[in-house]
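Enquirer: The structure that follows is given in the form of C-alpha cells.
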Amino acid sequence: MERYTLQTNRTHKVYTIEAGGRKISVDYDDIFFFETSRNIHKVILHAKDRQIEFSSTMKELTKTLGGSFVRCHRSFLVNKNNIKEVDVKNRTIHFTNGEICLMSTRMMKEL
C-alpha cells in the first residue's frame, strides 16, 4: 500500500482493521460512519462498498481518528466529508449513499 501511494504521488489516509484473522484497509474517504453493534465491544464500519464488524469501542475510535470524524451520537461516529444533509428538526444525518444515522441534541453543535 505504501509503495502504491508513493508511485501515484497521492497521499491519502487508510484505516486498517483486524477482523477475523485478516487485515482490511479502508480509505478514510470511503468511510461514511461507525456504529455500535448489538454485540458487546463490537463496532460496525459503514463504507462505500461494504460493512465490517470488528472489535473496538467508540472511545478508542474517537481517539484514533481525528480531523474529519465527529462523534454525533452515543452510538455513531461520522465522517463529515461524506455527509449530504443534516436534518436538525428530525435529528438525522443523511449520507451520499442514502444511509441515515441519528444525531443527539448535545452533539449537534459539533456539526
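By order in the C-alpha cells, chains are A, B, ...; within a chain, residues start at 1; ligands start at 1, following the order shown.
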If you count only C-alpha atoms, which residues fall within 9 Å of A:Lys48, apart from same-chain ones fewer than 3 positions away, as number ranges by chain?

Expert: A: 29-32, 51, 97

Enquirer: Given the selection you just returned, output its residues as a file containing C-alpha atoms, formatted as a compact mmCIF listing (two decimals), in the first residue's frame.

Expert:
```
# COMPACT_ATOMS: atom_id res chain seq x y z
CA ASP A 29 -12.72 8.91 2.07
CA ASP A 30 -14.69 5.66 1.67
CA ILE A 31 -15.85 5.57 5.30
CA PHE A 32 -19.31 7.01 5.98
CA GLN A 51 -19.95 -3.11 6.16
CA ASN A 97 -25.03 6.71 -0.35
```

Enquirer: Could you pull the residues within 10 Å of stretch 12-25 of chain A, counting only C-alpha atoms, minus those fewer than 3 positions along the same chain, as a VMD selection string?

Expert: chain A and resid 1 5 9 28 to 31 45 52 to 56 64 to 65

Enquirer: Find the residues near A:Thr36: any atom within 7 Å, counting only C-alpha atoms, skip ones fewer than 3 places away on the same chain, and give them as a ChimeraX atom specification.

Expert: /A:42-44,75-76

Enquirer: Using DSSP on the backbone, list every residue of stretch 25-71 of chain A that comes out as strand (DSSP E or B), and give them as a ChimeraX atom specification.

Expert: /A:25-27,31-36,42-47,51-55,69-71

Enquirer: Please give the complete set of residues from chain A that DSSP, run on the backbone, assigns to helix (DSSP H, G or I), formatted as a ChimeraX atom specification.

Expert: /A:2-8,28-30,58-64,80-82,106-110

Enquirer: Which residue, A:Lys59, A:Ile40, A:Val26, A:Leu102, has the smallest gap to A:Val78 when you use only C-alpha atoms?

Expert: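 Among A:Lys59, A:Ile40, A:Val26, A:Leu102, it is A:Leu102 that comes nearest to A:Val78.
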